[in-house]
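Here's upload_18.pdb, which has PDB, C-alpha atoms:
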ATOM      1  CA  MET A   1      15.965  27.295  -0.947
ATOM      2  CA  ASN A   2      14.516  30.257   0.913
ATOM      3  CA  LYS A   3      13.548  33.627  -0.504
ATOM      4  CA  GLY A   4      16.624  35.381   0.881
ATOM      5  CA  GLN A   5      18.933  32.832  -0.722
ATOM      6  CA  LEU A   6      17.215  33.169  -4.097
ATOM      7  CA  LEU A   7      17.428  36.969  -4.043
ATOM      8  CA  ASP A   8      21.118  36.690  -3.153
ATOM      9  CA  TRP A   9      21.611  34.494  -6.222
ATOM     10  CA  TYR A  10      19.958  37.171  -8.328
ATOM     11  CA  TYR A  11      22.315  39.764  -6.885
ATOM     12  CA  GLN A  12      25.325  37.544  -7.614
ATOM     13  CA  MET A  13      24.299  36.856 -11.197
ATOM     14  CA  VAL A  14      23.662  40.528 -11.984
ATOM     15  CA  LEU A  15      26.926  41.430 -10.233
ATOM     16  CA  ILE A  16      28.870  39.026 -12.442
ATOM     17  CA  ARG A  17      27.244  40.455 -15.564
ATOM     18  CA  ARG A  18      28.002  44.068 -14.648
ATOM     19  CA  VAL A  19      31.567  43.374 -13.472
ATOM     20  CA  GLU A  20      32.227  41.668 -16.796
ATOM     21  CA  GLU A  21      30.651  44.462 -18.820
ATOM     22  CA  ARG A  22      32.631  47.135 -16.972
ATOM     23  CA  GLY A  23      35.748  45.008 -17.267
ATOM     24  CA  ALA A  24      35.267  44.871 -21.039
ATOM     25  CA  GLU A  25      34.939  48.664 -21.143
ATOM     26  CA  LEU A  26      38.126  49.120 -19.110
ATOM     27  CA  TYR A  27      39.970  46.615 -21.301
ATOM     28  CA  GLN A  28      38.973  48.494 -24.449
ATOM     29  CA  ALA A  29      40.121  51.717 -22.771
ATOM     30  CA  GLY A  30      43.576  50.176 -22.315
ATOM     31  CA  LYS A  31      43.343  49.945 -18.520
ATOM     32  CA  ILE A  32      43.454  46.136 -18.414
ATOM     33  CA  GLY A  33      46.248  44.241 -20.116
ATOM     34  CA  GLY A  34      46.863  40.659 -21.152
ATOM     35  CA  PHE A  35      44.108  38.182 -21.918
ATOM     36  CA  MET A  36      40.592  38.422 -20.499
ATOM     37  CA  HIS A  37      37.794  35.877 -20.884
ATOM     38  CA  LEU A  38      34.276  37.015 -20.039
ATOM     39  CA  TYR A  39      31.647  34.889 -18.281
ATOM     40  CA  ILE A  40      28.650  36.700 -19.771
ATOM     41  CA  GLY A  41      25.903  34.151 -20.460
ATOM     42  CA  GLN A  42      27.278  31.563 -18.033
ATOM     43  CA  GLU A  43      26.341  33.299 -14.757
ATOM     44  CA  ALA A  44      23.863  30.604 -13.701
ATOM     45  CA  VAL A  45      26.530  27.891 -13.773
ATOM     46  CA  SER A  46      28.966  29.121 -11.147
ATOM     47  CA  THR A  47      26.175  30.676  -9.053
ATOM     48  CA  GLY A  48      24.351  27.357  -8.779
ATOM     49  CA  ILE A  49      27.482  25.255  -8.302
ATOM     50  CA  VAL A  50      29.005  27.428  -5.568
ATOM     51  CA  ALA A  51      25.673  27.751  -3.753
ATOM     52  CA  ALA A  52      25.490  23.958  -3.487
ATOM     53  CA  ARG A  53      28.917  23.383  -1.962
ATOM     54  CA  GLU A  54      29.865  23.486   1.698
ATOM     55  CA  PRO A  55      32.570  25.999   2.720
ATOM     56  CA  ARG A  56      35.009  23.128   3.333
ATOM     57  CA  ASP A  57      34.672  21.896  -0.255
ATOM     58  CA  ARG A  58      37.463  23.005  -2.568
ATOM     59  CA  LEU A  59      36.773  24.645  -5.906
ATOM     60  CA  ILE A  60      39.153  24.976  -8.825
ATOM     61  CA  THR A  61      38.430  26.304 -12.307
ATOM     62  CA  ALA A  62      39.931  27.438 -15.598
ATOM     63  CA  TYR A  63      40.689  30.936 -16.915
ATOM     64  CA  ARG A  64      37.051  32.137 -17.260
ATOM     65  CA  ASP A  65      37.106  32.685 -13.516
ATOM     66  CA  HIS A  66      35.837  36.163 -12.550
ATOM     67  CA  GLY A  67      32.295  34.945 -11.908
ATOM     68  CA  VAL A  68      33.468  31.988  -9.847
ATOM     69  CA  ALA A  69      35.590  34.329  -7.717
ATOM     70  CA  LEU A  70      32.627  36.606  -7.024
ATOM     71  CA  ASN A  71      30.372  33.646  -6.164
ATOM     72  CA  CYS A  72      32.985  32.350  -3.726
ATOM     73  CA  GLY A  73      32.830  35.615  -1.800
ATOM     74  CA  ILE A  74      35.827  37.466  -3.200
ATOM     75  CA  SER A  75      34.738  41.107  -3.283
ATOM     76  CA  ALA A  76      34.052  43.059  -6.464
ATOM     77  CA  ARG A  77      36.739  45.498  -5.297
ATOM     78  CA  GLU A  78      39.390  42.768  -5.155
ATOM     79  CA  VAL A  79      38.331  41.298  -8.500
ATOM     80  CA  MET A  80      38.359  44.669 -10.270
ATOM     81  CA  ALA A  81      41.664  45.683  -8.694
ATOM     82  CA  GLU A  82      43.221  42.407  -9.805
ATOM     83  CA  LEU A  83      41.979  42.949 -13.346
ATOM     84  CA  LEU A  84      43.646  46.367 -13.339
ATOM     85  CA  GLY A  85      46.868  44.933 -11.920
ATOM     86  CA  LYS A  86      46.677  46.857  -8.652
ATOM     87  CA  ILE A  87      48.235  45.961  -5.288
ATOM     88  CA  THR A  88      44.763  45.799  -3.685
ATOM     89  CA  GLY A  89      43.753  42.902  -5.920
ATOM     90  CA  MET A  90      43.386  39.450  -4.399
ATOM     91  CA  SER A  91      46.747  38.410  -5.871
ATOM     92  CA  LYS A  92      48.363  41.812  -5.369
ATOM     93  CA  GLY A  93      47.894  42.598  -9.051
ATOM     94  CA  LYS A  94      50.275  39.842 -10.152
ATOM     95  CA  GLY A  95      47.731  37.241 -11.214
ATOM     96  CA  GLY A  96      45.392  39.250 -13.366
ATOM     97  CA  SER A  97      42.308  38.000 -15.146
ATOM     98  CA  MET A  98      43.150  34.301 -15.367
ATOM     99  CA  HIS A  99      44.448  33.704 -11.837
ATOM    100  CA  MET A 100      41.689  34.683  -9.431
ATOM    101  CA  ALA A 101      42.207  32.671  -6.234
ATOM    102  CA  SER A 102      41.694  32.767  -2.484
ATOM    103  CA  VAL A 103      42.851  30.125  -0.020
ATOM    104  CA  GLU A 104      40.556  31.656   2.610
ATOM    105  CA  LYS A 105      37.530  31.149   0.350
ATOM    106  CA  ASN A 106      38.705  27.644  -0.673
ATOM    107  CA  MET A 107      38.865  28.852  -4.275
ATOM    108  CA  TRP A 108      42.073  27.474  -5.780
ATOM    109  CA  GLY A 109      42.202  29.324  -9.116
ATOM    110  CA  GLY A 110      41.916  30.401 -12.035
ATOM    111  CA  HIS A 111      44.304  28.357 -14.292
ATOM    112  CA  ALA A 112      45.460  29.580 -17.690
ATOM    113  CA  ILE A 113      46.619  26.299 -19.270
ATOM    114  CA  VAL A 114      43.720  24.346 -20.763
ATOM    115  CA  GLY A 115      43.050  21.197 -18.753
ATOM    116  CA  ALA A 116      46.162  21.519 -16.598
ATOM    117  CA  HIS A 117      44.189  22.080 -13.400
ATOM    118  CA  LEU A 118      42.366  18.741 -13.628
ATOM    119  CA  PRO A 119      45.284  16.690 -12.232
ATOM    120  CA  ILE A 120      45.624  19.334  -9.504
ATOM    121  CA  ALA A 121      41.981  18.706  -8.564
ATOM    122  CA  ALA A 122      42.672  14.974  -8.369
ATOM    123  CA  GLY A 123      45.694  15.716  -6.177
ATOM    124  CA  MET A 124      43.701  17.886  -3.800
ATOM    125  CA  ALA A 125      41.054  15.176  -3.487
ATOM    126  CA  LEU A 126      43.802  12.626  -2.826
ATOM    127  CA  GLY A 127      45.123  14.880  -0.065
ATOM    128  CA  ASP A 128      41.683  14.993   1.539
ATOM    129  CA  GLN A 129      41.479  11.212   1.268
ATOM    130  CA  TYR A 130      44.809  10.866   3.087
ATOM    131  CA  ALA A 131      43.581  13.319   5.734
ATOM    132  CA  GLY A 132      40.571  11.087   6.326
ATOM    133  CA  ASN A 133      37.878  13.707   5.726
ATOM    134  CA  ASP A 134      34.933  13.696   3.317
ATOM    135  CA  ASN A 135      35.521  17.074   1.689
ATOM    136  CA  VAL A 136      34.580  17.300  -1.992
ATOM    137  CA  THR A 137      36.737  18.911  -4.684
ATOM    138  CA  ILE A 138      34.727  20.659  -7.404
ATOM    139  CA  CYS A 139      36.633  21.030 -10.665
ATOM    140  CA  MET A 140      35.143  23.238 -13.392
ATOM    141  CA  PHE A 141      36.448  23.221 -16.973
ATOM    142  CA  GLY A 142      35.321  23.869 -20.529
ATOM    143  CA  ASP A 143      34.328  21.413 -23.240
ATOM    144  CA  GLY A 144      37.657  21.967 -25.004
ATOM    145  CA  ALA A 145      39.561  20.591 -22.011
ATOM    146  CA  THR A 146      37.914  17.185 -22.490
ATOM    147  CA  ASN A 147      40.086  16.667 -25.589
ATOM    148  CA  ILE A 148      43.286  17.156 -23.596
ATOM    149  CA  GLY A 149      45.394  14.348 -22.138
ATOM    150  CA  TYR A 150      45.178  15.815 -18.634
ATOM    151  CA  PHE A 151      41.415  15.217 -18.708
ATOM    152  CA  HIS A 152      41.683  11.478 -19.309
ATOM    153  CA  GLU A 153      44.518  10.989 -16.841
ATOM    154  CA  ALA A 154      42.708  12.873 -14.085
ATOM    155  CA  LEU A 155      39.346  11.139 -14.593
ATOM    156  CA  ASN A 156      40.983   7.734 -14.744
ATOM    157  CA  LEU A 157      42.891   8.232 -11.487
ATOM    158  CA  SER A 158      39.884   9.731  -9.714
ATOM    159  CA  LYS A 159      37.887   6.604 -10.482
ATOM    160  CA  ILE A 160      40.668   4.119  -9.715
ATOM    161  CA  TRP A 161      41.368   5.753  -6.348
ATOM    162  CA  ASN A 162      37.725   6.605  -5.539
ATOM    163  CA  LEU A 163      38.489  10.300  -5.115
ATOM    164  CA  ARG A 164      35.754  12.693  -4.060
ATOM    165  CA  VAL A 165      35.737  14.931  -7.136
ATOM    166  CA  LEU A 166      32.766  16.512  -8.858
ATOM    167  CA  TRP A 167      33.928  17.068 -12.437
ATOM    168  CA  VAL A 168      31.883  19.942 -13.917
ATOM    169  CA  CYS A 169      32.150  20.467 -17.664
ATOM    170  CA  GLU A 170      30.846  23.885 -18.729
ATOM    171  CA  ASN A 171      29.874  23.016 -22.275
ATOM    172  CA  ASN A 172      29.425  26.429 -23.883
ATOM    173  CA  LYS A 173      29.485  24.872 -27.370
ATOM    174  CA  TYR A 174      32.881  26.209 -28.434
ATOM    175  CA  GLY A 175      36.506  25.519 -27.607
ATOM    176  CA  MET A 176      37.954  28.902 -28.522
ATOM    177  CA  GLY A 177      36.590  29.249 -32.072
ATOM    178  CA  THR A 178      35.899  25.582 -32.778
ATOM    179  CA  ALA A 179      32.436  24.052 -32.340
ATOM    180  CA  VAL A 180      32.251  20.933 -30.167
ATOM    181  CA  GLU A 181      31.153  18.675 -33.040
ATOM    182  CA  ARG A 182      34.243  19.660 -35.059
ATOM    183  CA  ALA A 183      36.720  18.864 -32.291
ATOM    184  CA  SER A 184      35.179  15.997 -30.326
ATOM    185  CA  ALA A 185      34.121  12.568 -31.584
ATOM    186  CA  VAL A 186      31.521  12.610 -28.787
ATOM    187  CA  VAL A 187      29.069  15.517 -28.842
ATOM    188  CA  ASP A 188      27.399  14.541 -25.558
ATOM    189  CA  ILE A 189      30.480  15.297 -23.464
ATOM    190  CA  ARG A 190      29.164  13.417 -20.426
ATOM    191  CA  GLN A 191      29.545  10.162 -22.394
ATOM    192  CA  LYS A 192      33.313  10.481 -22.069
ATOM    193  CA  ALA A 193      32.938   9.613 -18.380
ATOM    194  CA  GLU A 194      31.535   6.216 -19.396
ATOM    195  CA  ALA A 195      35.035   5.185 -20.478
ATOM    196  CA  TYR A 196      35.998   5.295 -16.802
ATOM    197  CA  ALA A 197      32.801   3.637 -15.469
ATOM    198  CA  MET A 198      31.945   6.983 -13.881
ATOM    199  CA  LYS A 199      28.395   8.032 -13.098
ATOM    200  CA  ASN A 200      27.416  11.119 -15.058
ATOM    201  CA  GLY A 201      24.587  13.489 -15.869
ATOM    202  CA  GLN A 202      23.614  16.626 -17.766
ATOM    203  CA  VAL A 203      21.795  19.814 -16.746
ATOM    204  CA  ASP A 204      20.508  23.033 -18.336
ATOM    205  CA  GLY A 205      23.142  25.594 -17.407
ATOM    206  CA  MET A 206      20.945  28.582 -18.239
ATOM    207  CA  ASP A 207      18.645  27.874 -15.275
ATOM    208  CA  VAL A 208      20.306  28.556 -11.923
ATOM    209  CA  VAL A 209      17.693  26.597  -9.959
ATOM    210  CA  LYS A 210      18.278  23.478 -12.061
ATOM    211  CA  VAL A 211      22.053  23.899 -11.762
ATOM    212  CA  TYR A 212      21.806  24.223  -7.990
ATOM    213  CA  GLN A 213      19.595  21.153  -7.672
ATOM    214  CA  ALA A 214      21.878  19.055  -9.868
ATOM    215  CA  ALA A 215      24.991  20.265  -8.049
ATOM    216  CA  LYS A 216      23.461  19.598  -4.631
ATOM    217  CA  GLU A 217      22.491  16.058  -5.574
ATOM    218  CA  THR A 218      25.843  15.233  -7.159
ATOM    219  CA  ILE A 219      27.958  16.764  -4.378
ATOM    220  CA  ASP A 220      25.955  14.742  -1.869
ATOM    221  CA  PHE A 221      26.502  11.630  -4.004
ATOM    222  CA  VAL A 222      30.271  12.180  -4.221
ATOM    223  CA  ARG A 223      30.532  12.774  -0.478
ATOM    224  CA  ARG A 224      28.311   9.825   0.468
ATOM    225  CA  GLU A 225      29.579   7.230  -2.023
ATOM    226  CA  SER A 226      33.260   8.258  -1.981
ATOM    227  CA  GLN A 227      33.560   8.263  -5.749
ATOM    228  CA  PRO A 228      33.733  10.881  -8.508
ATOM    229  CA  TYR A 229      30.844  12.117 -10.636
ATOM    230  CA  PHE A 230      30.822  13.874 -14.017
ATOM    231  CA  LEU A 231      28.284  16.670 -14.545
ATOM    232  CA  GLU A 232      27.918  18.283 -17.976
ATOM    233  CA  VAL A 233      26.364  21.750 -17.824
ATOM    234  CA  ILE A 234      24.940  23.003 -21.123
ATOM    235  CA  THR A 235      25.538  26.739 -21.374
ATOM    236  CA  TYR A 236      26.626  29.417 -23.855
ATOM    237  CA  ARG A 237      28.959  32.383 -23.794
ATOM    238  CA  PHE A 238      27.417  35.502 -25.285
ATOM    239  CA  ARG A 239      30.778  37.144 -25.981
ATOM    240  CA  GLY A 240      33.859  35.867 -27.793
ATOM    241  CA  HIS A 241      36.382  33.439 -26.397
ATOM    242  CA  SER A 242      38.517  36.359 -25.263
ATOM    243  CA  MET A 243      38.556  40.097 -25.812
ATOM    244  CA  GLY A 244      40.426  39.802 -29.123
ATOM    245  CA  ASP A 245      37.999  37.304 -30.650
ATOM    246  CA  PRO A 246      36.438  38.528 -33.944
ATOM    247  CA  GLU A 247      33.780  35.758 -33.664
ATOM    248  CA  ARG A 248      33.800  34.803 -37.341
ATOM    249  CA  TYR A 249      33.025  31.173 -36.484
ATOM    250  CA  ARG A 250      29.380  31.681 -35.451
ATOM    251  CA  ARG A 251      26.391  33.511 -36.887
ATOM    252  CA  PRO A 252      24.878  36.540 -35.102
ATOM    253  CA  GLU A 253      21.436  34.888 -35.208
ATOM    254  CA  GLU A 254      22.817  31.926 -33.238
ATOM    255  CA  VAL A 255      23.995  34.259 -30.488
ATOM    256  CA  ARG A 256      20.649  36.095 -30.464
ATOM    257  CA  GLN A 257      18.777  32.808 -30.128
ATOM    258  CA  TRP A 258      20.740  31.912 -26.998
ATOM    259  CA  GLN A 259      20.383  35.452 -25.640
ATOM    260  CA  GLU A 260      16.611  34.963 -25.711
ATOM    261  CA  ASN A 261      17.279  32.368 -23.000
ATOM    262  CA  ASP A 262      19.412  34.729 -20.934
ATOM    263  CA  PRO A 263      20.064  33.081 -17.532
ATOM    264  CA  ILE A 264      19.359  36.312 -15.656
ATOM    265  CA  GLY A 265      16.101  36.816 -17.553
ATOM    266  CA  ILE A 266      15.048  33.204 -16.909
ATOM    267  CA  PHE A 267      15.688  33.585 -13.190
ATOM    268  CA  ARG A 268      14.003  36.981 -13.067
ATOM    269  CA  ARG A 269      10.838  35.478 -14.553
ATOM    270  CA  TYR A 270      11.030  32.578 -12.099
ATOM    271  CA  LEU A 271      11.150  34.958  -9.141
ATOM    272  CA  LEU A 272       8.276  37.089 -10.426
ATOM    273  CA  GLU A 273       6.014  34.209 -11.503
ATOM    274  CA  ASN A 274       6.475  32.402  -8.187
ATOM    275  CA  LYS A 275       5.862  35.644  -6.269
ATOM    276  CA  LEU A 276       9.264  35.422  -4.607
ATOM    277  CA  ALA A 277       9.999  39.024  -5.554
ATOM    278  CA  ASP A 278       8.259  41.945  -7.194
ATOM    279  CA  GLN A 279       9.554  44.296  -9.874
ATOM    280  CA  LYS A 280      10.526  46.921  -7.306
ATOM    281  CA  THR A 281      12.642  44.480  -5.284
ATOM    282  CA  LEU A 282      14.550  43.259  -8.343
ATOM    283  CA  ASP A 283      15.072  46.825  -9.575
ATOM    284  CA  GLU A 284      16.499  47.713  -6.166
ATOM    285  CA  ILE A 285      18.904  44.759  -6.339
ATOM    286  CA  GLU A 286      20.057  45.875  -9.792
ATOM    287  CA  ALA A 287      20.551  49.428  -8.513
ATOM    288  CA  ARG A 288      22.634  48.071  -5.615
ATOM    289  CA  VAL A 289      24.763  46.150  -8.099
ATOM    290  CA  GLU A 290      25.368  49.311 -10.114
ATOM    291  CA  ARG A 291      26.529  51.154  -6.981
ATOM    292  CA  ASP A 292      28.782  48.270  -5.900
ATOM    293  CA  VAL A 293      30.378  47.921  -9.341
ATOM    294  CA  GLN A 294      30.956  51.664  -9.626
ATOM    295  CA  ASP A 295      32.540  51.597  -6.171
ATOM    296  CA  ALA A 296      34.764  48.679  -7.253
ATOM    297  CA  VAL A 297      35.907  50.518 -10.391
ATOM    298  CA  GLU A 298      36.689  53.709  -8.451
ATOM    299  CA  PHE A 299      38.520  51.699  -5.788
ATOM    300  CA  ALA A 300      40.584  49.844  -8.399
ATOM    301  CA  GLU A 301      41.485  52.935 -10.397
ATOM    302  CA  ALA A 302      42.513  54.807  -7.243
ATOM    303  CA  SER A 303      44.622  51.912  -5.938
ATOM    304  CA  PRO A 304      48.409  51.952  -6.414
ATOM    305  CA  GLU A 305      50.275  49.592  -8.681
ATOM    306  CA  PRO A 306      52.472  46.949  -7.019
ATOM    307  CA  PRO A 307      55.906  48.282  -6.015
ATOM    308  CA  LEU A 308      58.927  46.791  -7.773
ATOM    309  CA  GLN A 309      59.890  44.654  -4.766
ATOM    310  CA  GLU A 310      56.640  42.695  -5.164
ATOM    311  CA  LEU A 311      58.374  40.866  -8.005
ATOM    312  CA  TYR A 312      60.281  38.912  -5.361
ATOM    313  CA  THR A 313      57.512  38.165  -2.864
ATOM    314  CA  ASP A 314      55.311  35.054  -2.691
ATOM    315  CA  ILE A 315      57.818  33.008  -4.676
ATOM    316  CA  PHE A 316      58.973  30.574  -1.995
ATOM    317  CA  VAL A 317      57.135  29.038   0.938
ATOM    318  CA  ASP A 318      58.669  29.739   4.349
TER     319      ASP A 318
END
Translate the structure described by the file into structure tokens.
Amino acid sequence: MNKGQLLDWYYQMVLIRRVEERGAELYQAGKIGGFMHLYIGQEAVSTGIVAAREPRDRLITAYRDHGVALNCGISAREVMAELLGKITGMSKGKGGSMHMASVEKNMWGGHAIVGAHLPIAAGMALGDQYAGNDNVTICMFGDGATNIGYFHEALNLSKIWNLRVLWVCENNKYGMGTAVERASAVVDIRQKAEAYAMKNGQVDGMDVVKVYQAAKETIDFVRRESQPYFLEVITYRFRGHSMGDPERYRRPEEVRQWQENDPIGIFRRYLLENKLADQKTLDEIEARVERDVQDAVEFAEASPEPPLQELYTDIFVD
């Protein structure tokens, strides 16, 4: 990790936070419709995971996908325009919050159905196996998805067929409004991989450096050993499950305790204490983020909505 790379991570993490905050404001103003799930508090997870992959490695995730899209190189303009349902969005305004995707960036969604993308990840890895390459498929999902049938089917097949999949569970302690210990017989989610004789590990998801190191090691393992690996990332979402969540299931003091370990604050201290950046440099990065997010909002609001004929495009493959 060089200094430039670390400062770029800081930019990405602050960008995710500000895009999400502005997105929440626009949602409350009635400019964004449908469901929207914020990634605030989990910025270190996707930043570290994406930084560790090679461009040829596929990535697929669930509906809390805005941060992953930004990390993969999809512009803030395209993300914001997609949130607002505009034609300039990455999916021409037809995917919205839960379906951020880009074939060019090897980012395969954004999937709204809990756990349903896990078999897709296994299928993509099987395709790479047939093609004879050693690409890795990275599949990110929440703790709630590990109680779904798709999870067990996908993990079982990936182990039987020795598929190159890195299974990444973002354990943010709640499946919607239900705490992990109330919904899962196993609180240490990584233990579920033991049922399939799958190597597994756990990492602090609030520390981007630790996430990157764990992701780098496990991606290398999957590629080298031609077998799947299960990585549990312990994290926490600072906001509700979605924008309509009243958050009656957790105490405010619990949220404040996790916010004291804010992933951006942890990384900021790391950069300052290791003399990788000074206060002025980090302030300048934050100011650049503010300009870029404001530009993205203005771009999205000024962009046209999809014309009616867009209802009939991108339905069939030529």
From the set A:Asp8, A:Gly33, A:Ala145, A:Leu155, which residue has the shortest atom-to-atom contact distance to Lys94 (chain A), counting all atoms listed in the file?
A:Gly33
One decimal place gives the CA of Arg53 (chain A)-CA of Asn71 (chain A) separation as 11.2 Å
Selection: 7 Å around region 179-187 of chain A, all atoms listed in the file, excl. self and same-chain fewer than 5 positions, as an MDAnalysis selection string
chainID A and resid 147 173:174
Please produce a file of the residues just selected, as a PDB file, in the coordinates of the input, where the atoms kept are C-alpha atoms.
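The result, stored in selection15.pdb:
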ATOM      1  CA  ASN A 147      40.086  16.667 -25.589  1.00  0.00           C
ATOM      2  CA  LYS A 173      29.485  24.872 -27.370  1.00  0.00           C
ATOM      3  CA  TYR A 174      32.881  26.209 -28.434  1.00  0.00           C
TER       4      TYR A 174
END
Residues picked by the PyMOL selection byres ((chain A and resi 282) around 10) here, as a compact mmCIF listing (two decimals) with C-alpha atoms, in the coordinates of the input?
# COMPACT_ATOMS: atom_id res chain seq x y z
CA LEU A 7 17.43 36.97 -4.04
CA TYR A 10 19.96 37.17 -8.33
CA TYR A 11 22.32 39.76 -6.88
CA ARG A 268 14.00 36.98 -13.07
CA LEU A 271 11.15 34.96 -9.14
CA LEU A 272 8.28 37.09 -10.43
CA ALA A 277 10.00 39.02 -5.55
CA ASP A 278 8.26 41.94 -7.19
CA GLN A 279 9.55 44.30 -9.87
CA LYS A 280 10.53 46.92 -7.31
CA THR A 281 12.64 44.48 -5.28
CA ASP A 283 15.07 46.82 -9.57
CA GLU A 284 16.50 47.71 -6.17
CA ILE A 285 18.90 44.76 -6.34
CA GLU A 286 20.06 45.88 -9.79
CA ALA A 287 20.55 49.43 -8.51
CA ARG A 288 22.63 48.07 -5.62
From the list A:Gly85, A:Gly4, A:Pro263, A:Gly110, which residue is nearest Lys210 (chain A) when using only C-alpha atoms?
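Residue with the minimum atom-to-atom distance to Lys210 (chain A): A:Pro263.
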Name the residues that the PyMOL selection byres ((chain A and resi 116) around 9) picks from the file above, as a ChimeraX atom specification, using the file's chain letters and numbers.
/A:62,111-115,117-120,145,148,150-151
Rounded to one decimal, what separation in Å do you get between CA of Ala122 (chain A) and CA of Leu157 (chain A)?
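We find that CA of Ala122 (chain A) and CA of Leu157 (chain A) lie 7.4 Å from each other.
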Running the PyMOL selection byres ((chain A and resi 78) around 12) on this model by hand, what would come out? Give it as a ChimeraX atom specification.
/A:19,66,69-70,73-77,79-93,95-97,100-102,292-293,295-301,303
Tell me which protein, DNA and RNA residues are within 8 Å of region 243-257 of chain A, counting all atoms listed in the file, leaving out same-chain ones fewer than 3 positions away, and put them as a PyMOL selection string.
chain A and resi 24+35-38+177-178+238+240+260-261
Determine, counting all atoms listed in the file, which protein, DNA and RNA residues have an atom within 6 Å of an atom of Gln227 (chain A); residues of the same chain fewer than 4 positions away are not included. Present the result as JSON, numbers by chain.
{"A": [162, 163, 164, 222]}
Please enclose the listed atoms of region 276-292 of chain A in an axis-aligned box, pad each side by 6 Å, and write out the centre and the three edge lengths in Å, rounded to one decimal, as lines of an AutoDock Vina configuration file.
center_x = 18.5
center_y = 43.3
center_z = -7.4
size_x = 32.5
size_y = 27.7
size_z = 17.5
Using all atoms listed in the file, can you tell me which of A:Gly67, A:Tyr130, A:Glu54, A:Asp318 comes closest to Arg18 (chain A)?
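Answer, going by the shortest atom-to-atom distance: A:Gly67.
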Excluding same-chain residues fewer than 6 positions from Ala121 (chain A), what lies within 9 Å of it counting only C-alpha atoms, as a count of residues only?
8
